[in-house]
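S.K.: Mind having a look at this structure? Questions to follow.
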Number of protein chains: 4
Amino acid sequence: MKAAVIEQPGLENLKIKDLPVPEPGPGEVLVRLRAAALNYRDRLTVEGGYGSRQRHENLIPLGDGAGEVTALGPGASRFEVGDRVTLSFFPDWTGGPPTEARFETSLGGRIDGTAAEYRALPEHALVPTPDYLSDIEAATLPCAGVTAWSAVISQGGVGPGDVVVVQGTGGVALFALQFAKMAGAEVIQTSSSDLKLARVTELGADHGINYAAEPEWGVKARELNRGRGVDHVVELGGAATLKQSFRAIRVGGTISMIGVLGGPRVELLVPLVVTRNIRLQGVTVGSREQLETMMRAMALHRIRPVVDRVFPLDELAQGIDYLASGQHFGKVAIEI
Amino acid sequence: MKAAVIEQPGLENLKIKDLPVPEPGPGEVLVRLRAAALNYRDRLTVEGGYGSRQRHENLIPLGDGAGEVTALGPGASRFEVGDRVTLSFFPDWTGGPPTEARFETSLGGRIDGTAAEYRALPEHALVPTPDYLSDIEAATLPCAGVTAWSAVISQGGVGPGDVVVVQGTGGVALFALQFAKMAGAEVIQTSSSDLKLARVTELGADHGINYAAEPEWGVKARELNRGRGVDHVVELGGAATLKQSFRAIRVGGTISMIGVLGGPRVELLVPLVVTRNIRLQGVTVGSREQLETMMRAMALHRIRPVVDRVFPLDELAQGIDYLASGQHFGKVAIEI
Amino acid sequence: MKAAVIEQPGLENLKIKDLPVPEPGPGEVLVRLRAAALNYRDRLTVEGGYGSRQRHENLIPLGDGAGEVTALGPGASRFEVGDRVTLSFFPDWTGGPPTEARFETSLGGRIDGTAAEYRALPEHALVPTPDYLSDIEAATLPCAGVTAWSAVISQGGVGPGDVVVVQGTGGVALFALQFAKMAGAEVIQTSSSDLKLARVTELGADHGINYAAEPEWGVKARELNRGRGVDHVVELGGAATLKQSFRAIRVGGTISMIGVLGGPRVELLVPLVVTRNIRLQGVTVGSREQLETMMRAMALHRIRPVVDRVFPLDELAQGIDYLASGQHFGKVAIEI
Amino acid sequence: MKAAVIEQPGLENLKIKDLPVPEPGPGEVLVRLRAAALNYRDRLTVEGGYGSRQRHENLIPLGDGAGEVTALGPGASRFEVGDRVTLSFFPDWTGGPPTEARFETSLGGRIDGTAAEYRALPEHALVPTPDYLSDIEAATLPCAGVTAWSAVISQGGVGPGDVVVVQGTGGVALFALQFAKMAGAEVIQTSSSDLKLARVTELGADHGINYAAEPEWGVKARELNRGRGVDHVVELGGAATLKQSFRAIRVGGTISMIGVLGGPRVELLVPLVVTRNIRLQGVTVGSREQLETMMRAMALHRIRPVVDRVFPLDELAQGIDYLASGQHFGKVAIEI
């Protein structure tokens, strides 16, 4: 089978190779992958920058994938051959709260990922793909979709009438927008591009702020909310944006910490956190159960992921470069 | 001023009288009421059937009202003369969880209600009326609206993708439908009238079940949900419906107990509650803070209450009779 | 190996037989059981009264067990031979909220239970036995212990200063007392025996009420709480006790529904539930994760289960009769 | 009456003056204060460093107080003359979640505080003092006690078996220790003094770590918890300690942000927060309802605040200096 392999850290060491098709062991199923998707984290793993959370030699990268079941290992009974399936990002986190053990393995991190034609996986790591979604669309859900779901819904508890700021227009950001609207919230989206802001308005955003034109966008967000402050910020920029998030947030509000595009180290003014009763909540994808619940909600509302561009597996390196360029709007996917 | 007064229990003892306009005391404001609304509970209070929760002589009935501020008592500062305001059902329950003390007074229960041209009330018992709503519309919110909000949102925690059964098409039922849709849920509504079911579909219900034609509607609801069982039932029928609610509900689901139209005494099969991990949650209107949060969500979605019919204050008795007849679809209101 | 088998419903059909030792399959381990424990539910299963939740022919009964690992099936890696282990009541409910699928199998229900010398079980169905507990003590935890833990802690959220009524002195009741005290609550225990009330006081109960002497014990409980009403009732009696539980409970309080010793059908006065904002919460044991969390808490406080009496496996029928007699104080266990 | 007044920012401008006894207005009561207590925040207000949260001229400082009711204003009915009362830190935050409006006024911040013989306050800003506590003891509760209660119980949700790290031995720290133990948790306390560690052990701490001897105390805390990581950190040091808190905390754990003794600006490594699913929760004292609930729990367990030293009102400046010296163990109080 064809697979992409990082022989050692460095995008230049990403090779397309021919490997043997794996055998499904007890309780496993063999999946013919048809699609994968890229996340910011995959840029880190190809560079070896994910530390102890990844294998550093001969790793098949990528954490998102979808395809169909082609064989069952001994004792596997949740699926049948031919079933369309989507993979859960943390194969062993089926449900319950996050724990060290449940984070232990992640696809394309400590264990091989989805940039390959076949993967043998525990059947508990898979969910049925909703009929209305293509494999490419389904493949965008496990990491970015579930991250947005955790941030906005399962950890965030956003509900009708809440005001949510979503930063940017990448994969997580557009899911966060779609989910916040689905939950009845008012969404303020930020971007440096008026063109992208026009597109998020079509997707349902109530307000757009161009942060290039309006560097004090946190103040602007607060004004849009008649001075009350927003209930929730989906924080994707890290060092570059946190200060404005604090300007925007209301007393008692929540800032979901997800991304570090603007740098990993931020200076936190503790008295602000304390005297305004702010909650900063780190978000780490989610369980298979969250993936299933999210898919049920998406299917009810016939929500489609925004796929910006699809690269063939052979051009995975170009795909990763494209993601790094920041031009995308929504998800970048891989056809296998 | 004109006011309706129950001199002693019995609808025949409901008199329209001329009373002095009250003076606002310290921290109070005087409200010129323009609209009130009727609830099932008001039928009980005119008959004296609300036990220790009501005054039994010379009570001005009704718990819902809206109008405008015409005078301020000493120290009152939250409103100005001319402000449009809606009254909170429990004047002294401003926020926090329910307690005996917060239930102590309710408009048209232990203290005088809204069937009068003027009422002097603590300023903390009022909220600004949203601009887009008429006084008649606003007056339908404090009891039925907040009850539905508590059941579905603040106590129920209904969110995107959840499946909710709402019984009937009265005031609480239609609010519950509107709020469940606003929160991203799938709604199954029951009624004995195909005409009314057609109307709830227009309001957003995903499915309607005519329980006259389909007495085992709980089984049907479960089928509509592909056998999983529904997440939440807004239980308004009591004795007549609870058995079917148990058929419909999923393991771990919630039944919000609100109404007793089908009789106050129900037989509960405890092993079902236990082995299916069911939660039965009594719902008792809510606080001023819940009223405000609900109004903010409604305003964002420009949700309008369904007003079935409006009676003038002089015809309050006819209005109560009409409500008792069960012909209404949504709320019955009173113009003052 | 020696095992107890219900060939068909009826305690008289409970036979001690010699069966082959099972082989652990993939992901399974073989456990040499040293102890089991009895629950009210086991009385029902031997009589075939557990309906679709149980197998009705040739069932090895009992849901509680502890022992040691004697062999590992292929791929099993969580335990080593010789490890002391306790079994989780629902082998496939490892974590997360209750679902139909997670209730599907229970030991001694739809699948064989613990009244046998050996059982091969998925390794995810086991937890390490805390060092300070004997096998007999550990065997009392999975059903009665976790049920009390769910009722009081994970579903009940009882905390410091809360007032909890616990009914009776059976297995669940004594765990509920121990856990409520561990969480900082005040406990009012009911019993018909002054002797048993003296013993619960030694275990930490703050107050005892003899319901034989004080049939209106709900009123008494409310008085002990200076009229505020209690926060939580652990309801074990069903029809015989629910009315008094409603007298005792405060506005907004929770009644955990667990037992039906006084009869399965109760009459519920819906207006009480509604106007007092009561929550009735069914409790269905819990997940392996809850068992682990409970054990960690118990180990910290060196809490020992109260074991009333131990029968050898050969006398299982007598043990079940003894449990049915209601003489016990705490748990009845089986030595294997 | 005698009162301390900060005429303008600077401890040297703190004067003991003779002022007229205030008159209780509508809904107010007059309290003869007998005791007050000092908090770190009071050091800031006397220096004018509390920004827009305080009045900068002629402020009576201090937020904590207790005494007895000596007169009732018009309409006041919750208390009688002679009742012993404790003041709530935010007079207008009676219940519900934190909001900007509820933080608007705080005693000794935007409005006059408790360093005076008399204060007229809204009756809703007071709670009855438990009989078993002296006025000095009661006066230590509203700010430091409620802050610890929010951190550990109402926001923190600490329960039986949880492991909590508490930093230091100041007022909040000792309350946090007492409350975490009351809730059944295991407590690891840090201090730079072995003598103080010996005293916290007497108060119930399970482990003490001398951070002077053990600068990597976060690693040590994790070891004490057998590598699992602790569930909760009560973070009082800010810049000086947050890095170690991250070493100690488990995946999915909570760090309560309260203090800034080690400096207000901390560097946060966002990837740690994200990939470990950490929650950082700012804590801002709490409502009157939380004060009442905390007092009920304390009364049940007969918990006494640790009072390190009491200064007379005339020596308020010395008291503030003493607090700043960091020698105290528990609370520093003022006798009035």
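We label chains A, B, ... in the order they appear in the structure tokens, count residues from 1 in each chain, and number ligands from 1 in the order shown.
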Write out as number ranges by chain which residues come within 10 Å of Asp131 in chain C when counting only C-alpha atoms, dropping same-chain ones fewer than 6 positions away.

M.R.: C: 84, 138, 299

S.K.: Would you list the contacts of range 243-258 of chain C as a list in words, taking every protein, DNA or RNA residue within 7 Å and counting only C-alpha atoms, but skipping same-chain residues closer than 5 positions in sequence?

M.R.: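 Here the answer would be Pro98, Thr99, Glu100 and Val274 of chain B; Ala151, Glu216, Trp217, Gly218, Val219, Ala221, Arg222, Arg228, Gly229, Val230, Asp231, His232, Val233, Val234, Glu235, Leu236, Arg276, Asn277, Ile278, Arg279, Leu280, Gln281, Gly282 and Val283 of chain C.
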
S.K.: Any chance you can output those residues with N, CA and C atoms as a tab-separated table (two decimals), in the first residue's frame?

M.R.:
```tsv
chain	number	residue	atom	x	y	z
B	98	PRO	N	-33.62	28.06	43.27
B	98	PRO	CA	-34.91	28.20	43.93
B	98	PRO	C	-34.80	27.92	45.43
B	99	THR	N	-35.51	28.71	46.22
B	99	THR	CA	-35.60	28.46	47.66
B	99	THR	C	-37.03	28.76	48.10
B	100	GLU	N	-37.36	28.26	49.26
B	100	GLU	CA	-38.67	28.50	49.85
B	100	GLU	C	-38.95	30.01	49.89
B	274	VAL	N	-35.40	3.70	38.02
B	274	VAL	CA	-34.12	3.26	38.54
B	274	VAL	C	-33.26	2.61	37.46
C	151	ALA	N	-25.46	8.00	43.70
C	151	ALA	CA	-26.57	8.72	44.32
C	151	ALA	C	-26.08	9.94	45.08
C	216	GLU	N	-44.32	9.80	60.98
C	216	GLU	CA	-44.17	11.04	60.23
C	216	GLU	C	-42.70	11.50	60.29
C	217	TRP	N	-41.82	10.59	59.90
C	217	TRP	CA	-40.39	10.89	60.04
C	217	TRP	C	-39.93	12.02	59.12
C	218	GLY	N	-40.67	12.24	58.04
C	218	GLY	CA	-40.30	13.33	57.14
C	218	GLY	C	-40.41	14.69	57.81
C	219	VAL	N	-41.46	14.82	58.61
C	219	VAL	CA	-41.66	16.06	59.36
C	219	VAL	C	-40.55	16.22	60.40
C	221	ALA	N	-37.54	14.95	60.25
C	221	ALA	CA	-36.28	15.28	59.56
C	221	ALA	C	-36.22	16.77	59.27
C	222	ARG	N	-37.35	17.32	58.85
C	222	ARG	CA	-37.41	18.75	58.56
C	222	ARG	C	-37.18	19.57	59.84
C	228	ARG	N	-35.81	24.04	57.34
C	228	ARG	CA	-35.36	24.36	55.99
C	228	ARG	C	-35.68	23.25	54.99
C	229	GLY	N	-35.84	22.04	55.47
C	229	GLY	CA	-35.99	20.90	54.57
C	229	GLY	C	-34.62	20.36	54.21
C	230	VAL	N	-34.53	19.06	53.97
C	230	VAL	CA	-33.23	18.45	53.70
C	230	VAL	C	-32.88	18.59	52.22
C	231	ASP	N	-31.59	18.54	51.92
C	231	ASP	CA	-31.13	18.76	50.55
C	231	ASP	C	-31.28	17.53	49.68
C	232	HIS	N	-31.21	16.36	50.30
C	232	HIS	CA	-31.09	15.14	49.52
C	232	HIS	C	-31.70	13.98	50.31
C	233	VAL	N	-32.46	13.14	49.61
C	233	VAL	CA	-32.94	11.91	50.23
C	233	VAL	C	-32.45	10.73	49.40
C	234	VAL	N	-31.82	9.76	50.06
C	234	VAL	CA	-31.47	8.51	49.39
C	234	VAL	C	-32.64	7.56	49.64
C	235	GLU	N	-33.48	7.45	48.61
C	235	GLU	CA	-34.79	6.80	48.70
C	235	GLU	C	-34.66	5.32	48.37
C	236	LEU	N	-34.84	4.50	49.40
C	236	LEU	CA	-34.66	3.06	49.20
C	236	LEU	C	-35.93	2.28	49.41
C	276	ARG	N	-42.49	22.66	44.04
C	276	ARG	CA	-41.33	22.69	44.93
C	276	ARG	C	-40.02	22.41	44.18
C	277	ASN	N	-40.12	22.31	42.87
C	277	ASN	CA	-38.92	22.20	42.03
C	277	ASN	C	-38.05	21.00	42.42
C	278	ILE	N	-38.73	19.87	42.71
C	278	ILE	CA	-38.02	18.67	43.16
C	278	ILE	C	-37.43	17.91	41.98
C	279	ARG	N	-36.27	17.31	42.19
C	279	ARG	CA	-35.66	16.42	41.22
C	279	ARG	C	-35.70	15.00	41.77
C	280	LEU	N	-36.29	14.10	40.97
C	280	LEU	CA	-36.27	12.68	41.30
C	280	LEU	C	-35.28	12.03	40.34
C	281	GLN	N	-34.23	11.45	40.86
C	281	GLN	CA	-33.16	10.95	39.99
C	281	GLN	C	-32.97	9.45	40.16
C	282	GLY	N	-33.30	8.69	39.11
C	282	GLY	CA	-33.04	7.25	39.13
C	282	GLY	C	-31.54	6.98	39.13
C	283	VAL	N	-31.13	5.95	39.87
C	283	VAL	CA	-29.71	5.64	40.00
C	283	VAL	C	-29.47	4.19	39.56
```

S.K.: Could you write out as a short mmCIF file (atom, residue, chain, number, x, y, z; two decimals) with all heavy atoms, in the first residue's frame the residues of chain D within 6 Å of chain C, counting only C-alpha atoms?

M.R.:
```cif
data_model
loop_
_atom_site.label_atom_id
_atom_site.label_comp_id
_atom_site.auth_asym_id
_atom_site.auth_seq_id
_atom_site.Cartn_x
_atom_site.Cartn_y
_atom_site.Cartn_z
N PRO D 160 -14.67 14.11 47.59
CA PRO D 160 -13.93 13.04 48.26
C PRO D 160 -12.88 12.38 47.36
O PRO D 160 -13.21 11.98 46.24
CB PRO D 160 -15.03 12.04 48.63
CG PRO D 160 -16.28 12.83 48.71
CD PRO D 160 -16.12 13.91 47.67
N GLY D 161 -11.67 12.27 47.86
CA GLY D 161 -10.62 11.58 47.14
C GLY D 161 -9.82 12.47 46.21
O GLY D 161 -8.76 12.05 45.71
N MET D 182 -12.80 19.27 54.68
CA MET D 182 -14.23 19.09 54.98
C MET D 182 -14.93 18.37 53.83
O MET D 182 -15.89 17.62 54.04
CB MET D 182 -14.83 20.49 55.17
CG MET D 182 -16.21 20.54 55.70
SD MET D 182 -16.54 22.17 56.47
CE MET D 182 -16.56 23.27 55.06
N ALA D 183 -14.45 18.60 52.59
CA ALA D 183 -15.07 17.98 51.42
C ALA D 183 -14.48 16.60 51.11
O ALA D 183 -14.83 15.99 50.11
CB ALA D 183 -14.90 18.90 50.20
N GLY D 184 -13.59 16.12 51.98
CA GLY D 184 -13.08 14.76 51.80
C GLY D 184 -11.84 14.65 50.93
O GLY D 184 -11.48 13.55 50.51
N ARG D 296 -22.98 27.66 57.06
CA ARG D 296 -23.72 26.48 57.49
C ARG D 296 -22.79 25.27 57.55
O ARG D 296 -22.83 24.48 58.50
CB ARG D 296 -24.91 26.23 56.55
CG ARG D 296 -25.90 25.26 57.11
CD ARG D 296 -27.20 25.23 56.32
NE ARG D 296 -26.97 24.83 54.96
CZ ARG D 296 -27.39 25.49 53.89
NH1 ARG D 296 -28.07 26.61 54.04
NH2 ARG D 296 -27.14 25.06 52.68
N ALA D 297 -21.96 25.13 56.51
CA ALA D 297 -21.01 24.01 56.50
C ALA D 297 -20.00 24.13 57.65
O ALA D 297 -19.69 23.16 58.33
CB ALA D 297 -20.29 23.95 55.16
#
```

S.K.: Check the DSSP output for the backbone and give back, as a VMD selection string, the residues of range 50-259 of chain A in alpha helix (DSSP H).

M.R.: chain A and resid 100 to 103 135 to 139 146 to 149 171 to 182 194 to 202 217 to 224 242 to 248

S.K.: Write out as a PyMOL selection string each polymer residue whose atoms come within 8 Å of Leu30 in chain C, counting only C-alpha atoms; drop sequence neighbours fewer than 3 positions from it.

M.R.: chain C and resi 22-24+69-73+118-121

S.K.: Between CA of Ile6 in chain D and CA of Asp314 in chain D, measure the distance and give it in Å to one decimal.

M.R.: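 Distance between the two atoms: 13.4 Å.
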
S.K.: Which residue out of A:Thr241, A:Val285, A:Arg199, A:Pro130 has the minimum interatomic distance to Leu268 in chain A when only C-alpha atoms are used?

M.R.: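 Selected residue with least distance to Leu268 in chain A: A:Thr241.
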
S.K.: Find the spatial neighbours of range 51-54 of chain B, counting only C-alpha atoms, within a cut-off of 7 Å - ignore same-chain residues fewer than 4 positions away - and output them as a list of chain:residue names.

M.R.: B:Thr45, B:Gly109, B:Arg110

S.K.: Please indicate the distance in Å from CA of Ala213 in chain D to CA of Thr169 in chain D, rounded to one decimal place.

M.R.: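 According to the coordinates, CA of Ala213 in chain D and CA of Thr169 in chain D are separated by 16.5 Å.
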
S.K.: Show which residues sit within 7 Å of Lys17 in chain D, as a PyMOL selection string. Count only C-alpha atoms, and ignore same-chain residues fewer than 2 positions away.

M.R.: chain D and resi 2-5+15+19

S.K.: Mind dumping the selected residues with all heavy atoms as a CSV table (one decimal), in the first residue's frame?

M.R.:
```csv
chain,number,residue,atom,x,y,z
D,2,LYS,N,-15.9,56.8,65.8
D,2,LYS,CA,-14.5,56.7,65.4
D,2,LYS,C,-14.5,55.9,64.0
D,2,LYS,O,-15.2,54.9,63.8
D,2,LYS,CB,-13.7,55.9,66.4
D,2,LYS,CG,-12.2,56.0,66.3
D,2,LYS,CD,-11.5,55.0,67.2
D,2,LYS,CE,-11.5,55.5,68.7
D,2,LYS,NZ,-10.6,54.6,69.5
D,3,ALA,N,-13.6,56.4,63.1
D,3,ALA,CA,-13.5,55.7,61.8
D,3,ALA,C,-12.1,55.9,61.3
D,3,ALA,O,-11.5,57.0,61.6
D,3,ALA,CB,-14.5,56.2,60.8
D,4,ALA,N,-11.5,55.0,60.5
D,4,ALA,CA,-10.3,55.2,59.8
D,4,ALA,C,-10.6,55.7,58.4
D,4,ALA,O,-11.5,55.2,57.8
D,4,ALA,CB,-9.5,53.9,59.8
D,5,VAL,N,-9.9,56.7,58.0
D,5,VAL,CA,-10.1,57.3,56.7
D,5,VAL,C,-8.8,57.4,55.9
D,5,VAL,O,-7.8,57.9,56.4
D,5,VAL,CB,-10.8,58.6,56.8
D,5,VAL,CG1,-11.0,59.3,55.4
D,5,VAL,CG2,-12.1,58.5,57.6
D,15,LYS,N,-6.0,58.2,58.5
D,15,LYS,CA,-6.2,58.9,59.7
D,15,LYS,C,-7.4,58.3,60.5
D,15,LYS,O,-8.4,57.9,59.9
D,15,LYS,CB,-6.6,60.4,59.4
D,15,LYS,CG,-5.6,61.1,58.6
D,15,LYS,CD,-4.4,61.6,59.4
D,15,LYS,CE,-3.2,62.0,58.5
D,15,LYS,NZ,-3.5,63.1,57.6
D,19,LEU,N,-16.4,60.9,63.0
D,19,LEU,CA,-17.4,61.1,62.0
D,19,LEU,C,-18.8,61.0,62.6
D,19,LEU,O,-18.9,60.3,63.6
D,19,LEU,CB,-17.2,60.2,60.8
D,19,LEU,CG,-15.9,60.2,60.1
D,19,LEU,CD1,-15.9,59.2,58.9
D,19,LEU,CD2,-15.7,61.6,59.5
```

S.K.: Interatomic distance between CA of Lys331 in chain A and CA of Ser287 in chain A?

M.R.: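 CA of Lys331 in chain A sits 20.6 Å away from CA of Ser287 in chain A.
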
S.K.: Pull the strand (DSSP E) assignments for range 117-315 of chain D out of DSSP run on the backbone, and list those residues as a ChimeraX atom specification.

M.R.: /D:118-122,126-128,163-167,186-191,207-210,230-235,249-257,265-269,279-282,307-312

S.K.: Could those residues be written to a file, using N, CA and C atoms, as a compact mmCIF listing (two decimals), in the first residue's frame?

M.R.:
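Result file follows (selection_10.txt):
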```
# COMPACT_ATOMS: atom_id res chain seq x y z
N TYR D 118 -19.58 52.42 63.08
CA TYR D 118 -20.93 52.19 62.57
C TYR D 118 -20.96 52.21 61.05
N ARG D 119 -21.83 51.41 60.49
CA ARG D 119 -22.10 51.47 59.06
C ARG D 119 -23.59 51.19 58.85
N ALA D 120 -24.23 51.98 57.97
CA ALA D 120 -25.61 51.71 57.58
C ALA D 120 -25.55 50.96 56.26
N LEU D 121 -26.19 49.79 56.21
CA LEU D 121 -26.07 48.92 55.03
C LEU D 121 -27.43 48.34 54.66
N PRO D 122 -27.62 48.02 53.37
CA PRO D 122 -28.86 47.36 52.98
C PRO D 122 -29.00 46.05 53.76
N LEU D 126 -26.34 41.55 54.69
CA LEU D 126 -25.92 40.99 55.98
C LEU D 126 -26.37 39.56 56.15
N VAL D 127 -25.63 38.80 56.95
CA VAL D 127 -26.06 37.45 57.33
C VAL D 127 -25.92 37.30 58.83
N PRO D 128 -26.73 36.43 59.44
CA PRO D 128 -26.60 36.22 60.88
C PRO D 128 -25.24 35.58 61.20
N VAL D 163 -7.23 15.37 45.10
CA VAL D 163 -5.98 15.85 45.69
C VAL D 163 -5.82 17.33 45.36
N VAL D 164 -5.62 18.13 46.39
CA VAL D 164 -5.59 19.58 46.25
C VAL D 164 -4.26 20.11 46.78
N VAL D 165 -3.60 20.95 45.98
CA VAL D 165 -2.42 21.67 46.47
C VAL D 165 -2.86 23.05 46.91
N VAL D 166 -2.50 23.44 48.12
CA VAL D 166 -2.77 24.79 48.62
C VAL D 166 -1.44 25.46 48.89
N GLN D 167 -1.27 26.65 48.33
CA GLN D 167 0.00 27.36 48.48
C GLN D 167 -0.03 28.30 49.68
N GLU D 186 -7.67 15.17 49.79
CA GLU D 186 -6.31 15.02 50.32
C GLU D 186 -5.59 16.35 50.03
N VAL D 187 -4.93 16.92 51.03
CA VAL D 187 -4.35 18.24 50.84
C VAL D 187 -2.84 18.23 50.98
N ILE D 188 -2.19 18.84 49.98
CA ILE D 188 -0.74 19.06 50.01
C ILE D 188 -0.54 20.56 50.17
N GLN D 189 0.11 20.96 51.26
CA GLN D 189 0.29 22.39 51.52
C GLN D 189 1.76 22.76 51.31
N THR D 190 1.98 23.95 50.75
CA THR D 190 3.36 24.41 50.58
C THR D 190 3.64 25.61 51.48
N SER D 191 4.89 25.72 51.93
CA SER D 191 5.31 26.86 52.75
C SER D 191 6.83 26.91 52.72
N HIS D 207 -0.02 16.41 53.63
CA HIS D 207 1.39 16.50 53.31
C HIS D 207 1.81 17.97 53.31
N GLY D 208 3.04 18.22 53.68
CA GLY D 208 3.59 19.57 53.57
C GLY D 208 4.85 19.53 52.72
N ILE D 209 5.04 20.55 51.88
CA ILE D 209 6.28 20.65 51.11
C ILE D 209 6.90 22.02 51.39
N ASN D 210 8.16 22.01 51.84
CA ASN D 210 8.89 23.26 52.03
C ASN D 210 9.48 23.65 50.69
N VAL D 230 -2.09 16.26 40.47
CA VAL D 230 -3.12 16.66 41.43
C VAL D 230 -4.35 17.20 40.68
N ASP D 231 -5.49 17.14 41.34
CA ASP D 231 -6.74 17.55 40.69
C ASP D 231 -6.92 19.06 40.68
N HIS D 232 -6.38 19.72 41.68
CA HIS D 232 -6.72 21.12 41.88
C HIS D 232 -5.54 21.83 42.55
N VAL D 233 -5.23 23.02 42.08
CA VAL D 233 -4.24 23.86 42.78
C VAL D 233 -4.90 25.17 43.16
N VAL D 234 -4.79 25.54 44.42
CA VAL D 234 -5.22 26.86 44.87
C VAL D 234 -4.00 27.76 44.76
N GLU D 235 -3.98 28.54 43.68
CA GLU D 235 -2.80 29.29 43.23
C GLU D 235 -2.82 30.67 43.85
N ILE D 249 -0.18 19.72 38.27
CA ILE D 249 -1.59 19.48 37.91
C ILE D 249 -1.75 18.29 36.96
N ARG D 250 -2.83 17.57 37.10
CA ARG D 250 -3.11 16.44 36.21
C ARG D 250 -3.79 16.93 34.92
N VAL D 251 -3.82 16.10 33.92
CA VAL D 251 -4.62 16.35 32.72
C VAL D 251 -6.07 16.61 33.16
N GLY D 252 -6.63 17.70 32.66
CA GLY D 252 -8.02 18.00 32.98
C GLY D 252 -8.22 18.68 34.33
N GLY D 253 -7.12 19.02 35.01
CA GLY D 253 -7.24 19.61 36.34
C GLY D 253 -7.54 21.10 36.30
N THR D 254 -7.79 21.65 37.50
CA THR D 254 -8.16 23.07 37.63
C THR D 254 -7.15 23.81 38.51
N ILE D 255 -6.74 24.98 38.03
CA ILE D 255 -5.92 25.88 38.85
C ILE D 255 -6.76 27.10 39.18
N SER D 256 -7.07 27.28 40.46
CA SER D 256 -7.83 28.46 40.89
C SER D 256 -6.89 29.63 41.04
N MET D 257 -7.11 30.68 40.25
CA MET D 257 -6.23 31.84 40.29
C MET D 257 -6.78 32.83 41.31
N ARG D 265 2.30 39.64 36.76
CA ARG D 265 2.42 39.20 35.37
C ARG D 265 3.06 37.83 35.32
N VAL D 266 2.37 36.87 34.73
CA VAL D 266 2.95 35.54 34.62
C VAL D 266 3.06 35.20 33.13
N GLU D 267 4.05 34.38 32.83
CA GLU D 267 4.17 33.90 31.46
C GLU D 267 3.48 32.56 31.38
N LEU D 268 2.55 32.47 30.45
CA LEU D 268 1.76 31.25 30.32
C LEU D 268 2.21 30.53 29.07
N LEU D 269 2.52 29.22 29.20
CA LEU D 269 2.91 28.44 28.03
C LEU D 269 1.62 27.80 27.50
N ARG D 279 -7.77 23.92 33.16
CA ARG D 279 -8.67 25.05 33.39
C ARG D 279 -8.02 25.99 34.40
N LEU D 280 -7.92 27.26 34.00
CA LEU D 280 -7.45 28.31 34.92
C LEU D 280 -8.66 29.14 35.28
N GLN D 281 -9.02 29.17 36.53
CA GLN D 281 -10.27 29.81 36.92
C GLN D 281 -10.02 30.96 37.88
N GLY D 282 -10.28 32.18 37.42
CA GLY D 282 -10.20 33.33 38.31
C GLY D 282 -11.28 33.27 39.38
N VAL D 307 -6.99 32.85 63.63
CA VAL D 307 -6.71 34.27 63.78
C VAL D 307 -5.29 34.42 64.34
N ASP D 308 -4.45 35.03 63.55
CA ASP D 308 -3.04 35.14 63.94
C ASP D 308 -2.86 36.24 64.98
N ARG D 309 -3.45 37.41 64.73
CA ARG D 309 -3.19 38.54 65.62
C ARG D 309 -4.29 39.57 65.46
N VAL D 310 -4.61 40.25 66.54
CA VAL D 310 -5.68 41.25 66.52
C VAL D 310 -5.09 42.61 66.90
N PHE D 311 -5.34 43.62 66.05
CA PHE D 311 -4.92 44.99 66.34
C PHE D 311 -6.14 45.83 66.68
N PRO D 312 -5.99 46.82 67.58
CA PRO D 312 -7.11 47.75 67.79
C PRO D 312 -7.23 48.68 66.57
```

S.K.: Find the residues near Ala66 in chain D: any atom within 12 Å, counting only C-alpha atoms, skip ones fewer than 3 places away on the same chain, and give them as a ChimeraX atom specification.

M.R.: /D:30-37,62-63,69,83-89,113-119,125-130,133-142,333-336

S.K.: From the options A:Leu224, A:Val273, A:Val152, A:Leu261, which residue's atoms come nearest to Gly238 in chain D, counting only C-alpha atoms?

M.R.: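 When distances to Gly238 in chain D are compared using only C-alpha atoms, the smallest one comes from A:Val273.
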